[in-house]
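The block underneath contains the structure these notes are about, expressed in structure tokens.
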Amino acid sequence: MALVTLSLGSNIERDQHIRACLDALAETFGELMVSRVFESEPVGFEDGRNFYNLIVAFNSEWQVAQLQTWCKTLESHHGRRKDSPKFSPRTLDVDILTVGDLVGTHDGVTLPREEILRHAFVLWPLAEILPDLRHPVDGNRYQALWTEFDDPAQVLWPIDFEWQGHKLPIKPN
């Protein structure tokens, strides 16, 4: 059993797609840890629609290939097309960040995902729900990495968001 962390994002019908994604994750993987939802200005996108971003963590015995297939199928189910340009608006973006302490390329997925250390919309919510967990390569705790993060060009802010009657975040007991 490994702790899996995923980054979720949407800038088209954001509320609808994020809630549906959380529903699907809970139905498939059970108990979830869920960060607050953060609204962020798009990074690298010409379309100016803001994103909703958050992090979800759960325990799973699935292999990386199974997780990746499931995530891409969910994106497709929500209208994401494989042939869309890289920096185009999206209904749903689900990226595997970590699977336990795996490092390197596994089933075509590079772990840990480099965006953890590069993007505030990934690191802040990750530090929020798993502050004492260590980055598998860097070795530093996520909270320490977030405290030291400094990129004023990345603008984001937490928003009020409810899912299944719970105000986010949902942290481990």
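Starting from 1 in every chain, residues are counted up; chains themselves are A, B, ... following the order of the structure tokens, and ligands are numbered from 1 as listed.
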
Quiz prompt | Residue neighbourhood A:Tyr142, 10 Å, only C-alpha atoms, exclusion window fewer than 4 positions, as a list of chain:residue names | solution =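 Contacts, in chain order: A:Ile116, A:Leu117, A:Leu123, A:Trp124, A:Pro125, A:Leu126, A:Ala127, A:Glu128, A:Ile129, A:Leu130, A:Pro131, A:Asp132, A:Leu133, A:Arg134, A:His135, A:Asp138, A:Trp146, A:Thr147, A:Glu148.
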
Exercise. Pick out the residues sitting within 8 Å of A:Ser60, and hand them over as JSON, numbers by chain; count only C-alpha atoms, and ignore anything fewer than 6 positions along from it in its own chain.
Key: {"A": [1, 2, 3, 4, 29]}

Exercise. Rank nothing, just name the residue among A:Val122, A:Leu168, A:Leu92, A:Leu111 nearest to A:Ile12, using only C-alpha atoms.
Key: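 Of A:Val122, A:Leu168, A:Leu92, A:Leu111, the one nearest A:Ile12, counting only C-alpha atoms, is A:Leu92.
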
Self-check item: Polymer residues at most 12 Å from stretch 62-79 of chain A, only C-alpha atoms, same-chain spacing of 3 or more positions, as a PyMOL selection string
Solution: chain A and resi 1-10+12-14+16-25+28-29+58-59+82-84+89-100+102-112

Quiz item: So which residues of stretch 39-135 of chain A fall under helix (DSSP H, G or I) by DSSP, listed as a ChimeraX atom specification?
Solution: /A:64-77,115-118,120-129

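With only C-alpha atoms as the atoms that count, the residue of A:Leu54, A:Val43, A:Glu27, A:Val34 with the shortest distance to A:Lys167 is A:Val34.
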
Exercise. Using only C-alpha atoms, find the one residue out of A:Glu114, A:Ala57, A:Arg49, A:Asp15 that sits nearest to A:Met33.
Key: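 For A:Met33, the nearest of the candidates is A:Ala57.
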
Quiz item: Of the candidates A:Asn11, A:Arg118, A:Pro42, A:Asp101, which shows the shortest atom-to-atom distance to A:Asp150, using only C-alpha atoms?
Solution: A:Arg118

Quiz item: Using only C-alpha atoms, which of A:Ile55, A:Ala120, A:Glu61, A:Ile159 sits nearest A:Ser35?
Solution: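 Smallest separation from A:Ser35 among the options: A:Ile55.
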
Practice problem: Please indicate the distance in Å from atom CA of A:Phe161 to atom CA of A:Glu115, rounded to one decimal place. | Solution: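 Atom-to-atom, atom CA of A:Phe161 to atom CA of A:Glu115, that is 23.5 Å.
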
Practice problem: Record the distance separating atom CA of A:Gly139 and atom CA of A:His119, expressed in Å with one decimal. | Solution: 17.6 Å

Self-check item: Shell around A:Glu39 at 7 Å using only C-alpha atoms, local window under 3 positions removed, as an MDAnalysis selection string
Solution: chainID A and resid 50:53 156:159

Residues of the last selection are to be written out with N, CA and C atoms, as a compact mmCIF listing (two decimals), in the first residue's frame.
```txt
# COMPACT_ATOMS: atom_id res chain seq x y z
N ASN A 50 -8.93 31.71 -14.97
CA ASN A 50 -8.27 31.20 -13.78
C ASN A 50 -8.59 29.73 -13.55
N PHE A 51 -7.69 29.07 -12.87
CA PHE A 51 -7.83 27.66 -12.52
C PHE A 51 -8.30 27.49 -11.09
N TYR A 52 -8.94 26.37 -10.83
CA TYR A 52 -9.07 25.83 -9.49
C TYR A 52 -8.06 24.70 -9.42
N ASN A 53 -7.27 24.68 -8.35
CA ASN A 53 -6.28 23.63 -8.13
C ASN A 53 -6.38 23.11 -6.71
N LEU A 156 -1.98 33.00 -6.42
CA LEU A 156 -3.08 32.11 -6.07
C LEU A 156 -3.60 32.45 -4.70
N TRP A 157 -4.83 32.01 -4.43
CA TRP A 157 -5.46 32.29 -3.16
C TRP A 157 -6.46 31.17 -2.86
N PRO A 158 -6.61 30.83 -1.57
CA PRO A 158 -7.59 29.80 -1.20
C PRO A 158 -9.01 30.34 -1.34
N ILE A 159 -9.92 29.46 -1.72
CA ILE A 159 -11.33 29.84 -1.83
C ILE A 159 -12.16 28.92 -0.95
```

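Taking atom CA of A:Phe121 and atom CA of A:Asp151 as endpoints, the distance between them is 11.3 Å.
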